[in-house]
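Shown here: structure_26.txt, compact mmCIF, C-alpha atoms.
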```
# COMPACT_ATOMS: atom_id res chain seq x y z
CA MET V 1366 -8.63 29.49 -0.24
CA GLY V 1367 -12.35 29.92 0.13
CA SER V 1368 -12.87 29.27 -3.56
CA ARG V 1369 -10.91 26.03 -3.38
CA TYR V 1370 -13.07 24.85 -0.50
CA THR V 1371 -16.21 25.76 -2.42
CA ALA V 1372 -14.87 23.89 -5.45
CA TYR V 1373 -14.51 20.73 -3.33
CA VAL V 1374 -18.03 21.13 -1.98
CA VAL V 1375 -19.62 21.53 -5.40
CA GLY V 1376 -17.30 19.06 -7.14
CA ALA V 1377 -15.64 21.60 -9.44
CA LEU V 1378 -12.26 19.97 -9.16
CA ASP V 1379 -10.86 21.72 -12.23
CA HIS V 1380 -10.66 24.84 -10.11
CA VAL V 1381 -8.72 22.98 -7.42
CA ALA V 1382 -6.32 21.56 -10.02
CA ASN V 1383 -5.87 24.98 -11.63
CA THR V 1384 -5.00 26.71 -8.37
CA HIS V 1385 -2.03 24.48 -7.52
CA ALA V 1386 1.46 25.98 -7.70
CA ALA V 1387 3.91 24.11 -9.91
CA GLU V 1388 5.69 22.36 -7.02
CA VAL V 1389 2.55 20.56 -5.83
CA ARG V 1390 0.60 20.26 -9.08
CA ASP V 1391 1.82 16.82 -10.08
CA ASP V 1392 1.25 15.42 -6.59
CA PHE V 1393 -2.47 16.12 -6.80
CA ASN V 1394 -4.35 12.82 -6.77
CA ARG V 1395 -7.29 13.98 -8.86
CA PRO V 1396 -9.15 10.62 -8.93
CA GLU V 1397 -9.11 10.49 -5.13
CA ALA V 1398 -10.13 14.13 -4.84
CA GLU V 1399 -13.06 13.51 -7.20
CA ARG V 1400 -14.22 10.60 -5.07
CA LEU V 1401 -13.82 12.44 -1.77
CA SER V 1402 -15.56 15.48 -3.14
CA ARG V 1403 -18.57 13.28 -3.93
CA SER V 1404 -18.53 11.08 -0.84
CA CYS V 1405 -17.74 13.56 1.92
CA ILE V 1406 -20.32 15.84 3.48
CA PHE V 1407 -18.56 19.14 3.99
CA GLN V 1408 -19.56 20.94 7.15
CA GLY V 1409 -17.52 24.06 7.16
CA LEU V 1410 -14.29 25.90 6.72
CA GLU V 1411 -12.96 27.99 9.56
CA ILE V 1412 -10.07 30.35 8.86
CA ARG V 1413 -8.24 30.72 12.14
CA LYS V 1414 -5.55 33.05 10.92
CA ALA V 1415 -4.39 34.45 7.62
CA THR V 1416 -1.23 36.41 7.02
CA GLU V 1417 -0.14 38.04 3.81
CA ASN V 1418 3.34 39.24 2.94
CA GLY V 1419 3.79 40.48 -0.62
CA ASP V 1420 3.25 37.55 -2.95
CA ARG V 1421 3.25 35.02 -0.10
CA ALA V 1422 0.46 34.14 2.28
CA GLN V 1423 -0.30 31.59 4.96
CA VAL V 1424 -3.73 30.41 6.00
CA ASP V 1425 -4.32 28.50 9.20
CA PHE V 1426 -7.62 26.70 8.79
CA VAL V 1427 -9.88 23.98 10.11
CA LEU V 1428 -11.94 21.88 7.74
CA ARG V 1429 -14.86 19.86 9.09
CA PHE V 1430 -16.49 17.08 7.13
CA LYS V 1431 -18.22 13.77 7.50
CA ARG V 1432 -16.82 10.68 5.83
CA ASP V 1433 -18.44 7.26 5.98
CA GLY V 1434 -20.71 8.68 8.65
CA LYS V 1435 -17.75 9.76 10.79
CA ASP V 1436 -16.98 13.33 11.78
CA MET V 1437 -13.55 14.25 10.49
CA ILE V 1438 -11.42 17.30 10.97
CA GLN V 1439 -8.43 18.59 9.08
CA VAL V 1440 -6.21 21.25 10.54
CA GLU V 1441 -3.71 22.79 8.16
CA LEU V 1442 -1.31 25.67 7.82
CA ALA V 1443 -1.41 26.26 4.08
CA ASP V 1444 1.08 28.19 1.98
CA PHE V 1445 -0.12 30.33 -0.91
CA ARG V 1446 1.85 32.17 -3.55
CA LYS V 1447 0.66 34.88 -5.89
CA GLU V 1448 1.46 34.41 -9.56
CA SER V 1449 0.16 36.77 -12.25
CA GLY V 1450 -2.34 38.19 -9.82
CA ARG V 1451 -3.73 34.78 -8.74
CA TRP V 1452 -3.22 33.07 -5.42
CA LEU V 1453 -2.01 29.48 -5.80
CA TYR V 1454 -1.85 26.72 -3.20
CA ALA V 1455 1.82 25.86 -2.66
CA GLY V 1456 1.59 23.18 0.01
CA GLY V 1457 0.87 23.05 3.67
CA LYS V 1458 1.55 21.46 7.00
CA LEU V 1459 -1.24 19.22 8.18
CA SER V 1460 -1.69 18.54 11.81
CA PRO V 1461 -1.50 14.77 12.21
CA GLN V 1462 -4.70 14.39 14.17
CA VAL V 1463 -6.87 12.71 11.61
CA THR V 1464 -6.30 9.00 11.40
CA GLN V 1465 -7.91 8.24 8.11
CA ARG V 1466 -6.04 5.24 6.85
CA SER V 1467 -7.63 1.88 6.48
CA VAL V 1468 -5.88 -0.68 8.63
CA ASN V 1469 -5.78 -4.31 7.58
CA ARG V 1470 -5.53 -6.66 10.52
CA VAL V 1471 -3.63 -9.83 10.04
CA GLY V 1472 -4.16 -11.59 13.34
CA ARG V 1473 -1.09 -13.02 15.00
CA ASN V 1474 -2.25 -16.52 14.27
CA ASP V 1475 -3.55 -15.85 10.80
CA PRO V 1476 -1.33 -16.95 7.97
CA CYS V 1477 1.07 -14.24 7.02
CA HIS V 1478 0.10 -12.00 4.12
CA CYS V 1479 3.16 -13.08 2.17
CA GLY V 1480 1.56 -16.42 1.54
CA SER V 1481 4.42 -18.22 3.26
CA GLY V 1482 1.96 -20.05 5.46
CA LYS V 1483 3.88 -19.05 8.54
CA LYS V 1484 1.84 -17.44 11.23
CA ALA V 1485 1.95 -13.69 10.83
CA LYS V 1486 3.78 -13.30 14.10
CA LYS V 1487 6.64 -15.44 12.84
CA CYS V 1488 7.01 -14.02 9.40
CA CYS V 1489 7.49 -10.90 7.30
CA GLY V 1490 8.62 -8.76 10.14
CA ILE V 1491 5.12 -8.40 11.45
CA ALA V 1492 6.48 -9.99 14.53
CA LEU V 1493 8.37 -7.61 16.71
CA GLU V 1494 10.83 -10.30 17.58
CA VAL V 1495 13.94 -8.89 19.12
CA THR V 1496 17.13 -10.74 18.40
CA MET P 566 21.65 -29.03 7.93
CA ALA P 567 19.83 -29.51 4.63
CA SER P 568 16.20 -28.59 4.04
CA HIS P 569 14.20 -30.46 1.45
CA PHE P 570 11.24 -29.12 -0.41
CA ALA P 571 9.06 -29.87 -3.41
CA CYS P 572 5.83 -28.20 -4.41
CA THR P 573 2.99 -30.71 -4.93
CA ALA P 574 0.71 -28.14 -6.60
CA CYS P 575 -1.92 -28.56 -3.89
CA GLY P 576 -3.03 -24.96 -4.41
CA LYS P 577 -3.37 -24.27 -0.69
CA CYS P 578 -1.07 -21.24 -0.74
CA CYS P 579 -3.05 -19.63 -3.58
CA TYR P 580 -5.45 -17.84 -1.23
CA GLY P 581 -5.66 -14.35 0.18
CA GLN P 582 -3.47 -11.38 -0.42
CA LEU P 583 -0.39 -11.73 -2.58
CA PRO P 584 2.56 -9.32 -2.37
CA LEU P 585 3.87 -8.29 -5.77
CA THR P 586 6.82 -6.45 -7.17
CA VAL P 587 5.89 -3.14 -8.82
CA LYS P 588 6.70 -4.69 -12.18
CA ASP P 589 4.45 -7.71 -11.60
CA ALA P 590 1.62 -5.57 -10.19
CA LEU P 591 1.53 -3.47 -13.34
CA ILE P 592 1.88 -6.48 -15.68
CA HIS P 593 -1.03 -8.19 -13.92
CA ALA P 594 -3.22 -5.11 -13.41
CA GLY P 595 -5.92 -6.82 -15.46
CA ARG P 596 -6.00 -9.73 -13.05
CA PHE P 597 -5.54 -8.64 -9.43
CA PRO P 598 -7.31 -5.87 -7.44
CA LEU P 599 -4.30 -3.77 -6.46
CA ALA P 600 -3.50 -1.77 -3.36
CA LEU P 601 -0.32 -0.69 -1.58
CA LEU P 602 0.20 -2.27 1.82
CA TRP P 603 2.42 -0.74 4.46
CA THR P 604 3.82 -3.04 7.15
CA PRO P 605 5.63 -1.23 9.98
CA LEU P 606 8.65 -2.76 11.66
CA ARG P 607 10.55 -1.52 14.68
CA LYS P 608 14.28 -1.41 15.11
CA GLY P 609 15.43 -4.44 17.05
CA SER P 610 13.35 -6.87 15.02
CA LYS P 611 15.52 -9.37 13.27
CA ASP P 612 14.26 -8.36 9.82
CA PHE P 613 14.80 -4.64 10.46
CA PRO P 614 18.08 -4.28 8.52
CA LEU P 615 16.66 -5.74 5.31
CA VAL P 616 13.27 -4.05 5.67
CA SER P 617 15.07 -0.72 6.06
CA ARG P 618 16.97 -1.38 2.85
CA LEU P 619 14.04 -2.57 0.75
CA GLY P 620 11.41 -0.35 2.37
CA VAL P 621 11.22 3.16 3.76
CA ALA P 622 12.11 4.97 6.96
CA VAL P 623 9.03 6.36 8.68
CA PRO P 624 9.65 10.08 9.30
CA LEU P 625 8.78 10.49 12.95
CA PRO P 626 11.19 12.43 15.16
CA LYS P 627 9.97 10.57 18.23
CA HIS P 628 10.32 7.13 16.65
CA PRO P 629 13.63 7.21 14.77
CA GLY P 630 13.76 3.43 14.57
CA LEU P 631 10.66 2.73 12.55
CA ALA P 632 10.69 1.32 9.01
CA ALA P 633 7.95 0.06 6.77
CA LEU P 634 7.70 -2.32 3.87
CA VAL P 635 5.54 -0.81 1.15
CA VAL P 636 4.27 -3.52 -1.11
CA PRO P 637 1.95 -3.55 -4.11
CA THR P 638 -0.48 -6.32 -3.29
CA SER P 639 -3.26 -8.37 -4.83
CA TYR P 640 -5.67 -7.33 -2.12
CA ILE P 641 -8.27 -10.03 -1.57
CA PRO P 642 -9.78 -11.60 1.55
CA ALA P 643 -7.71 -14.34 3.21
CA ASP P 644 -10.04 -17.19 2.33
CA MET P 645 -10.68 -16.16 -1.25
CA PRO P 646 -8.72 -18.02 -3.96
CA CYS P 647 -6.33 -16.27 -6.30
CA PRO P 648 -8.23 -15.28 -9.46
CA ALA P 649 -5.64 -17.23 -11.46
CA LEU P 650 -6.33 -20.50 -9.64
CA GLY P 651 -8.17 -22.61 -12.19
CA ALA P 652 -11.09 -24.99 -11.74
CA ASP P 653 -8.54 -27.82 -11.94
CA ASN P 654 -6.86 -26.29 -8.86
CA LEU P 655 -3.79 -25.45 -10.93
CA CYS P 656 -2.37 -22.05 -11.78
CA ALA P 657 -3.90 -20.81 -15.01
CA ILE P 658 -0.93 -18.52 -15.67
CA HIS P 659 1.84 -20.85 -14.57
CA SER P 660 4.28 -19.90 -17.33
CA ASN P 661 4.07 -16.17 -16.60
CA LYS P 662 2.98 -16.09 -12.99
CA PRO P 663 4.35 -13.37 -10.66
CA THR P 664 7.88 -13.82 -9.31
CA ARG P 665 6.35 -14.03 -5.81
CA CYS P 666 4.64 -17.26 -6.81
CA LYS P 667 7.75 -18.64 -8.49
CA THR P 668 9.89 -18.00 -5.42
CA MET P 669 7.46 -19.51 -2.93
CA PRO P 670 7.93 -20.55 -0.24
CA PHE P 671 11.11 -18.50 -0.10
CA TYR P 672 10.56 -14.85 0.60
CA PRO P 673 13.27 -12.35 -0.37
CA TYR P 674 11.78 -9.60 1.79
CA ARG P 675 13.58 -11.49 4.56
CA ASP P 676 17.27 -12.17 4.93
CA GLU P 677 18.57 -15.30 3.24
CA LYS P 678 19.70 -16.83 6.50
CA TYR P 679 16.09 -17.05 7.73
CA GLN P 680 14.69 -18.67 4.59
CA HIS P 681 14.62 -22.22 5.96
CA GLU P 682 11.97 -21.03 8.44
CA LEU P 683 9.61 -20.54 5.51
CA LEU P 684 9.87 -24.12 4.30
CA LYS P 685 7.74 -25.61 7.04
CA PRO P 686 4.33 -26.30 5.48
CA ARG P 687 1.36 -24.68 7.09
CA LYS P 688 -1.43 -26.84 8.45
CA GLY P 689 -3.34 -28.36 5.57
CA TRP P 690 -0.66 -27.67 3.00
CA GLU P 691 0.71 -30.62 1.10
CA CYS P 692 4.29 -29.51 0.44
CA ASP P 693 6.76 -32.37 0.20
CA THR P 694 9.53 -31.80 2.74
CA SER P 695 10.63 -35.41 2.98
CA VAL P 696 14.20 -36.49 2.20
CA ALA P 697 12.91 -37.64 -1.18
CA ALA P 698 12.37 -33.97 -2.11
CA PRO P 699 15.34 -32.01 -3.46
CA ILE P 700 17.59 -30.08 -1.13
CA VAL P 701 16.72 -26.38 -1.49
CA PHE P 702 18.54 -24.85 1.48
CA GLN P 703 21.83 -25.82 3.07
CA SER P 704 24.34 -24.18 5.44
CA GLY P 705 22.45 -20.88 5.52
CA LYS P 706 22.15 -20.66 1.74
CA ILE P 707 19.43 -21.29 -0.79
CA THR P 708 20.70 -23.90 -3.21
CA GLN P 709 18.08 -23.44 -5.94
CA ARG P 710 18.11 -19.71 -6.10
CA ASP P 711 17.29 -18.30 -9.51
CA ASP P 712 13.77 -17.16 -8.61
CA PHE P 713 14.83 -15.85 -5.21
CA ASP P 714 17.64 -13.81 -6.75
CA GLN P 715 15.37 -12.48 -9.49
CA GLU P 716 12.71 -11.33 -7.02
CA ARG P 717 15.31 -9.79 -4.69
CA ARG P 718 16.82 -7.92 -7.64
CA ASP P 719 13.39 -6.62 -8.63
CA LEU P 720 12.77 -5.48 -5.05
CA GLU P 721 16.12 -3.69 -4.95
CA GLU P 722 15.57 -2.01 -8.30
CA GLN P 723 12.18 -0.64 -7.30
CA VAL P 724 13.41 0.97 -4.06
CA PRO P 725 13.69 4.50 -5.55
CA LEU P 726 10.14 4.28 -6.90
CA ILE P 727 8.76 2.98 -3.60
CA ARG P 728 10.53 5.81 -1.76
CA GLN P 729 9.24 8.40 -4.19
CA PHE P 730 5.73 7.15 -3.47
CA ALA P 731 6.28 7.01 0.28
CA SER P 732 7.80 10.47 0.57
CA CYS P 733 4.87 11.95 -1.36
CA LEU P 734 2.32 10.25 0.91
CA PHE P 735 4.19 11.19 4.07
CA ARG P 736 4.32 14.81 2.90
CA TYR P 737 0.60 15.13 2.35
CA ASN P 738 -0.61 12.69 5.02
CA PRO P 739 1.28 13.14 8.27
CA MET P 740 -1.33 10.86 9.83
CA LEU P 741 0.12 8.00 7.82
CA ALA P 742 3.35 8.04 9.80
CA THR P 743 1.39 8.39 13.03
CA THR P 744 -0.83 5.44 12.18
CA LEU P 745 2.20 3.29 11.32
CA ALA P 746 3.74 4.15 14.67
CA LEU P 747 0.49 3.35 16.48
CA GLU P 748 0.26 0.00 14.74
CA ALA P 749 3.92 -0.82 15.30
CA ALA P 750 3.39 -0.37 19.03
CA LYS P 751 0.66 -2.99 19.14
CA SER P 752 1.25 -6.64 19.89
CA SER P 753 -0.14 -7.56 16.47
CA PRO P 754 0.43 -4.60 14.18
CA GLY P 755 -1.96 -4.16 11.29
CA GLN P 756 -0.99 -3.08 7.81
CA ILE P 757 -2.00 0.26 6.36
CA VAL P 758 -3.80 0.07 3.04
CA THR P 759 -3.39 2.85 0.49
CA SER P 760 -4.79 3.14 -2.99
CA LEU P 761 -3.28 2.38 -6.37
CA SER P 762 -4.36 5.85 -7.55
CA SER P 763 -2.05 7.50 -5.03
CA PHE P 764 0.82 5.28 -6.20
CA LEU P 765 0.23 6.08 -9.86
CA THR P 766 0.02 9.80 -9.08
CA ALA P 767 3.07 9.96 -6.83
CA THR P 768 5.26 7.95 -9.20
CA ARG P 769 4.06 9.95 -12.24
CA ASN P 770 3.17 6.71 -13.99
CA PRO P 771 2.85 7.59 -17.69
CA ASP P 772 0.70 4.49 -18.25
CA ALA P 773 -1.82 5.31 -15.49
CA ARG P 774 -4.81 5.50 -17.80
CA ASN P 775 -4.14 2.07 -19.26
CA VAL P 776 -3.55 0.57 -15.80
CA ALA P 777 -6.84 2.08 -14.63
CA GLN P 778 -8.67 0.56 -17.58
CA LEU P 779 -7.24 -2.84 -16.68
CA GLN P 780 -8.28 -2.42 -13.04
CA GLN P 781 -11.88 -1.40 -13.80
CA PRO P 782 -13.30 -4.86 -14.62
CA VAL P 783 -11.21 -6.50 -11.89
CA LEU P 784 -12.50 -4.16 -9.18
CA ALA P 785 -16.03 -4.43 -10.50
CA ALA P 786 -15.80 -8.24 -10.24
CA TYR P 787 -14.50 -8.12 -6.65
CA LEU P 788 -17.09 -5.53 -5.70
CA GLU P 789 -19.67 -8.05 -6.86
CA LYS P 790 -17.98 -11.06 -5.19
CA THR P 791 -17.91 -9.31 -1.82
CA ALA P 792 -21.40 -7.82 -1.95
CA GLY P 793 -23.73 -8.59 0.95
CA VAL P 794 -21.18 -10.60 2.93
CA PRO P 795 -20.63 -8.97 6.33
CA ALA P 796 -17.13 -10.48 6.68
CA PHE P 797 -16.13 -8.80 3.42
CA HIS P 798 -17.66 -5.43 4.19
CA ALA P 799 -14.34 -3.57 4.50
CA PHE P 800 -13.04 -5.08 1.27
CA HIS P 801 -16.30 -4.31 -0.48
CA SER P 802 -16.27 -0.62 0.36
CA GLN P 803 -12.60 -0.34 -0.59
CA TYR P 804 -13.20 -1.95 -3.97
CA GLY P 805 -16.05 0.50 -4.52
CA ALA P 806 -13.91 3.52 -3.68
CA TRP P 807 -11.01 2.33 -5.83
CA LEU P 808 -13.31 1.56 -8.74
CA GLU P 809 -14.57 5.14 -8.63
CA GLU P 810 -10.98 6.37 -8.77
CA MET P 811 -10.07 4.05 -11.63
CA ASN P 812 -13.21 5.12 -13.49
CA TYR P 813 -11.98 8.70 -13.32
CA LEU P 814 -8.40 7.79 -14.32
CA ALA P 815 -9.55 5.58 -17.20
CA ARG P 816 -11.49 8.31 -19.01
```
Represent the structure contained in this file as structure tokens.
Amino acid sequence: MGSRYTAYVVGALDHVANTHAAEVRDDFNRPEAERLSRSCIFQGLEIRKATENGDRAQVDFVLRFKRDGKDMIQVELADFRKESGRWLYAGGKLSPQVTQRSVNRVGRNDPCHCGSGKKAKKCCGIALEVT
Amino acid sequence: MASHFACTACGKCCYGQLPLTVKDALIHAGRFPLALLWTPLRKGSKDFPLVSRLGVAVPLPKHPGLAALVVPTSYIPADMPCPALGADNLCAIHSNKPTRCKTMPFYPYRDEKYQHELLKPRKGWECDTSVAAPIVFQSGKITQRDDFDQERRDLEEQVPLIRQFASCLFRYNPMLATTLALEAAKSSPGQIVTSLSSFLTATRNPDARNVAQLQQPVLAAYLEKTAGVPAFHAFHSQYGAWLEEMNYLAR
């Protein structure tokens, strides 16, 4: 866990990729991780709780970082599995408190994004018109 | 009642973002800066049944009636012309333009019975809707329907791929569902923008490297076009981030 965090901080993303369990490996968006690793300022990893049970473990952690000048926080309960003596990241539950998506505002009176020329509020279901 | 319509090739609808089928987005990856746009829609809206079928259900226990359209899009500012609009104000790729452009102004993301609503030209557009123009819609049906049917078929065929993408993003980004719900609750909901790299990853696209190579010069050009213009700041930084991702994927 700690080594994966360190790998993000120093941009050694091979280590992150190599410590994914099979069920999450192909979901790893390496290009995005590379970019975030370079553009984020990492401010700390706090392990709140870690439990180990045979070849399974769970780590409850808080990750603090700055992105685009904004303080961000990620809270996650991560699952790890031991394979051939190595702990692998097998997924996790993220707490949905970080709103990090870019939102594109089509104003109500702007033309709809579909190119129909209708106002956004009258087209493409942007309008919450109730029948 | 019959609705008449003829395109006069005025070029006025060739501006701003352009929704694409997955197939068209990948075919034209060397032309358009691509992103995935998520438009939330609440149950009760008249387009909800079709959006639920062509799009995805947003997994939120507290908002069971929320769907989203997830659409690959040529993501450019609203007042910027399509890169395929020529100096003569005509489409430079007319013979193989995206199905979205062929179907215009019909829009198969909406139910057929609402399609006549889309025929009314927007201010400044020069569409011919006089009785001299051919009848294109009558008694709730589109009468010239080949392009509409083709685009609708493409949208239906890509549903499994769109859902594969969506379920992957929802799994790793619970905040995505939350943001969609927040937007849906607003009087003018925004669209959520996600990257092409996440789509290529989640759908295991075997051609990702080639697509990335096609996107590189396109994103570089839009990065340049939007530089130093405050109104384009958000676009500019997105193009920069996506270019970095494509640079990595293209190696």
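Among the candidate residues V:Gln1439, V:Ala1372, V:His1385, V:Leu1378, the one lying nearest to Glu1397 of chain V is V:Leu1378, with distances computed using all atoms listed in the file.
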(request) Select, from V:Thr1371, V:Ala1382, V:Ala1387, V:Gln1408, the residue with the minimum atom-to-atom distance to Arg1432 of chain V, counting only C-alpha atoms. (result) V:Gln1408
(message) Can you work out which residues from chain P touch chain V at a cut-off of 6 Å (counting only C-alpha atoms) and hand them back as JSON, numbers by chain?
(response) {"P": [578, 582, 584, 609, 610, 611, 612, 670, 687, 739, 740, 753, 755, 756, 757, 758, 766, 767, 810, 813]}
(request) Rank P:Cys579, P:Ala632, P:Phe713, P:Arg596 by their smallest atom-to-atom distance to Ala746 of chain P, using all atoms listed in the file, and report the top residue only. (result) P:Ala632
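Among the candidates P:Cys656, P:Cys572, P:Ala773, P:Leu634, the one nearest to Cys692 of chain P when counting all atoms listed in the file is P:Cys572.
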(message) From (1.1, -12.0, -16.2), in the file's coordinates, out to 10 Å: which residues are reached, counting all atoms listed in the file? Answer as a PyMOL selection string.
(response) chain P and resi 589-596+649+658-664
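Those residues that approach Asp653 of chain P to within 12 Å, counting all atoms listed in the file, are Ala574, Cys575, Gly576, Ala649, Leu650, Gly651, Leu655, Cys656 and Ala657 of chain P; same-chain residues fewer than 2 positions away are not listed.
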(request) Go ahead and compute the interatomic distance for atom CA of Glu809 of chain P and atom CA of Asp644 of chain P, in Å to one decimal. (result) 25.3 Å
